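What follows is a short report on a single structure.
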There are 2 protein chains.
Amino acid sequence: MKMKTYKYPKIEEAKELLRRPEIESQVIREKVLSIINSVKTNGDKALHEFSQQFDSVRLNKLVITETEFDGLEKKISDKLESAINIARANIFKFHKAQEVDSQKIEIDEGITCWRKSVPIEKVGLYIPGGTSPLFSTLLMLGIPATIAGCREIVICTPPQKDGKIADSILYVAQLLGINKIFKVGGAQAIAAMAFGTETIPKVDKIFGPGNQWVTTAKQIINSFGVAIDMPAGPSEVLVIADDSANPKFVASDLLSQAEHGADSQVVLLSTSEQLIESVISEIDNFKRQLSRIEIVEKSLQKSAMILVRNLNEAIDISNQYAPEHLILSVENSEILAENVINAGSVFLGNYSPESAGDYASGTNHTLPTNGFASAYSGVSLYSFMKKITFQKLTKNGLSKIASAVETMAVTEGLDAHKLAVTIRSEKNRD
Amino acid sequence: MKMKTYKYPKIEEAKELLRRPEIESQVIREKVLSIINSVKTNGDKALHEFSQQFDSVRLNKLVITETEFDGLEKKISDKLESAINIARANIFKFHKAQEVDSQKIEIDEGITCWRKSVPIEKVGLYIPGGTSPLFSTLLMLGIPATIAGCREIVICTPPQKDGKIADSILYVAQLLGINKIFKVGGAQAIAAMAFGTETIPKVDKIFGPGNQWVTTAKQIINSFGVAIDMPAGPSEVLVIADDSANPKFVASDLLSQAEHGADSQVVLLSTSEQLIESVISEIDNFKRQLSRIEIVEKSLQKSAMILVRNLNEAIDISNQYAPEHLILSVENSEILAENVINAGSVFLGNYSPESAGDYASGTNHTLPTNGFASAYSGVSLYSFMKKITFQKLTKNGLSKIASAVETMAVTEGLDAHKLAVTIRSEKNRD
């Protein structure tokens, strides 16, 4: 298979070379809208029907019962249990460290203002299931949700053909103390959490990745006013590598991304033509060992390898592209990292593969794709909280800004805004 | 005029009483979509046409020229200049204090992870103009944008009938060092900043309030992947008052909100029947003095005054409603404030009117309306920045999580994710 390689494009040319495919589909949008309306109108009944239609399963109950948690420890290998515990501890440590105390600011004598972080009360986590149950995503969303202190945490995940949920997902849920789990997938799950049904509670914010049906549904319910973690698109990695990079490492990083999905984007920028050639040959060697080879092939066909004049040029192209994952396999990775303006998560040096951050180094793997990294952050503790502003003015404090408020209010033509201050000043004079 | 009053409703009943009117309009949506497409296709030409059509003005240039800034100081009264300076200093102080240093977290020996705040490169500020140019909103958006260090700050504001922009807006822009100002309003301004035209740069995130055309346009371009500050709805205030409240103060606060727009919502919850009656009578007295009386009347017709059994009940109703502004005119306002879960901005005690926060106490006045306060925060310094995650692992650091990553990757069926770690471990053994 030929991978696309380019030599020394200009920055505007690189923009075209790395243009992401448009994935909007009016057909899917209309179908999703009809699913959403059906769930809004018919509640659980619609969910049962969609389960039969899409998951080929007839469910007695949508909710997971207590007995389904029985004996989970025995079903999970010691090795997996230990792996999950390491990941959990690291993710907990990184997200717990994000807590910031609210600090009262004395703007002037008698004028105190502050912001307080308050958990979002009800959050919904969508966890993809089926052939590949993403228990790692449950760790990434469930841990900050529990640190934040969200009062109600709801999980929706599609049932397997046997009507069950993967043990790994149940195990992680139990570990995190989340017990409201519903066997619902697809656009219907997003609709259920957005509007509520007889059994599934309405939530304030919905998190989690999914296929095009799920992400379209999230976008639609967001336009109805339900918050979502971030807009979604296919996953992507951009690797910047110089002579010091190990072609085997780089090849494995590009393949990690390529195996995510046929629409994943994989980009290599290098100052070394030799390295690009070696990486291509290593990819050829490795890919035969991979079980998801068909997906990998499709993704690689759309990927690009670009020879650049120097690392500054590479960073400019990267900032313009705004990759979800950025790997800096270069000698002075920390210095180069200073120039990163747009990226979701950055991996420095030869021993920081993307898969470390995907699973267990502690950082969150829910990140902005599709160029959204230019304006959006990845999921953090504060994705599960909002900040409320408070202010307390004394009589004297108000008097310090009274005239300013009056003047500005009058200039904007808002009499009652002025009145609210004036009436309190008259009282001051009592 | 009769204002609606209710006695001791149950919490579920209060939910119905305070239900916000649905404002979605399919007709407006379609018209806005057509404006957006027209700007996307025809750029500046479309903007000029819409200016003639909607603002009744034929513009030579869309961009403000340097000469339009000439002699501004003389056109602004000393009083307004001084008011703006006080407001600016306080807003600067409150938002500057929000800066947080990035802190490197050592997850384990050899695993270092951190988040860095980076300004969003290009931001667009929409400032409503016409009859009531909101220079205060420019202060609220421009100050955090400049503290954040956004490289390009663009203002769009509709031209007056004479083709000019209000002096107050130009003055504030000059004060903040923002010189890219375009005479474009409405949905076409949002489209121009979202996609770029020959003269207006494409931005990464769009901020600012507006009428239904503007907010619908923001919602639509957000679904195309351009970030926005927050979803919008009509402005609203909820006042909780006990016996200690001053009915004149409460009346003036309710009127401040009512004058914003005919669709503003104004709610009073009180433990005192006597207070409610006094407030109604004070509103009647005051409103004759107000210039925007027609708007006020319309808004008050939809407002509600509710007698509650105790302050806890009031807080429960308020948390359920999630008001944009919450005023606690009660004796122990700081204690009651502890129980606020959902609100945009909270004003404590008798001397903290909403208009203080609207203009000059330092807090931001761009806040979540329409119940969005349950999941969204108001605008802050960090609305103009994103956080990028970084991680650096040493050989030894990677070895600590290698087995965990391998096991989890295999369980999720992602071979190449495992490979990226394994290949680096083999190297370790060299």
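We label chains A, B, ... in the order they appear in the structure tokens, count residues from 1 in each chain, and number ligands from 1 in the order shown.
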Should the cut-off be 6 Å, what would the residue list for chain A against chain B look like, counting only C-alpha atoms, as a ChimeraX atom specification?
/A:83,120,132,204,252-253,255-256,290,344-348,351-352,355,359,375-377,386-395,404-405,412,415-417,420
For range 302-311 of chain A, please output as an MDAnalysis selection string all residues within 10 Å (counting only C-alpha atoms; exclusion window: fewer than 2 positions along the same chain).
chainID A and resid 3:10 14 17:18 20:21 236:242 254 258 262:277 279:280 297:300 313:317 330 336
Within 10 Å of range 186-197 of chain A, counting only C-alpha atoms, which residues qualify if same-chain residues fewer than 5 places away don't, as a ChimeraX atom specification?
/A:31-48,50-51,54-55,122-129,154-158,202-208,210-222,224-228
Excluding Phe69 in chain B and its own-chain neighbours fewer than 6 positions away, which residues fall within 12 Å of it when counting only C-alpha atoms? Please give them as number ranges by chain.
B: 75-76, 164-175, 177-181
What does the structure give for the distance between CA of Val27 in chain B and CA of Ser25 in chain A, in Å to one decimal?
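Between CA of Val27 in chain B and CA of Ser25 in chain A the gap works out to 22.3 Å.
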DSSP-assigned strand (DSSP E) members of range 86-254 of chain B, reported as a ChimeraX atom specification
/B:105-108,111-119,122-126,152-156,180-182,205-207,227-228,236-241
For those residues, write C-alpha atoms to a file as a PDB file, in the first residue's frame.
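The resulting part_0.pdb:
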ATOM      1  CA  ILE B 105       1.990  16.699  38.618  1.00  0.00           C
ATOM      2  CA  GLU B 106       4.376  13.832  39.236  1.00  0.00           C
ATOM      3  CA  ILE B 107       1.987  10.913  38.869  1.00  0.00           C
ATOM      4  CA  ASP B 108       4.767   8.443  39.630  1.00  0.00           C
ATOM      5  CA  ILE B 111       5.547  10.159  34.741  1.00  0.00           C
ATOM      6  CA  THR B 112       4.908  13.902  34.698  1.00  0.00           C
ATOM      7  CA  CYS B 113       1.596  15.331  33.488  1.00  0.00           C
ATOM      8  CA  TRP B 114       0.341  18.902  33.399  1.00  0.00           C
ATOM      9  CA  ARG B 115      -2.174  21.254  31.836  1.00  0.00           C
ATOM     10  CA  LYS B 116      -1.285  24.601  30.360  1.00  0.00           C
ATOM     11  CA  SER B 117      -3.713  27.435  29.644  1.00  0.00           C
ATOM     12  CA  VAL B 118      -3.248  28.851  26.185  1.00  0.00           C
ATOM     13  CA  PRO B 119      -5.227  31.773  24.750  1.00  0.00           C
ATOM     14  CA  LYS B 122      -8.889  34.410  17.312  1.00  0.00           C
ATOM     15  CA  VAL B 123     -12.055  35.528  19.061  1.00  0.00           C
ATOM     16  CA  GLY B 124     -15.052  37.486  17.819  1.00  0.00           C
ATOM     17  CA  LEU B 125     -17.119  39.771  20.046  1.00  0.00           C
ATOM     18  CA  TYR B 126     -20.654  40.619  18.994  1.00  0.00           C
ATOM     19  CA  GLU B 152      -6.742  38.584  17.262  1.00  0.00           C
ATOM     20  CA  ILE B 153      -9.830  40.213  18.769  1.00  0.00           C
ATOM     21  CA  VAL B 154     -12.545  41.160  16.317  1.00  0.00           C
ATOM     22  CA  ILE B 155     -15.655  43.221  17.095  1.00  0.00           C
ATOM     23  CA  CYS B 156     -18.821  43.167  15.028  1.00  0.00           C
ATOM     24  CA  LYS B 180     -10.545  45.518  14.320  1.00  0.00           C
ATOM     25  CA  ILE B 181     -14.124  46.725  14.388  1.00  0.00           C
ATOM     26  CA  PHE B 182     -16.634  45.907  11.683  1.00  0.00           C
ATOM     27  CA  LYS B 205     -14.924  31.363  19.118  1.00  0.00           C
ATOM     28  CA  ILE B 206     -17.763  33.888  19.103  1.00  0.00           C
ATOM     29  CA  PHE B 207     -19.028  35.749  22.176  1.00  0.00           C
ATOM     30  CA  ALA B 227     -17.265  27.547  19.506  1.00  0.00           C
ATOM     31  CA  ILE B 228     -19.606  30.023  21.221  1.00  0.00           C
ATOM     32  CA  GLU B 236     -34.035  36.734  34.166  1.00  0.00           C
ATOM     33  CA  VAL B 237     -33.811  37.445  37.888  1.00  0.00           C
ATOM     34  CA  LEU B 238     -35.093  35.580  40.907  1.00  0.00           C
ATOM     35  CA  VAL B 239     -35.229  37.448  44.212  1.00  0.00           C
ATOM     36  CA  ILE B 240     -35.555  35.657  47.547  1.00  0.00           C
ATOM     37  CA  ALA B 241     -36.655  38.081  50.245  1.00  0.00           C
TER      38      ALA B 241
END
From B:Asp284, B:Asp229, B:Glu49, B:Glu22, residue lying nearest Pro247 in chain B [only C-alpha atoms]:
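For Pro247 in chain B, the nearest of the given residues is B:Asp284.
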Separation of CA of Thr366 in chain A from CA of Pro144 in chain A, in Å and rounded to one decimal
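Those two atoms sit 11.7 Å apart.
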Using backbone DSSP assignments, extract all alpha helix (DSSP H) residues from range 7-250 of chain B; output them as an MDAnalysis selection string.
chainID B and resid 11:17 26:42 44:55 72:75 78:96 135:148 167:176 186:195 212:223 247:250
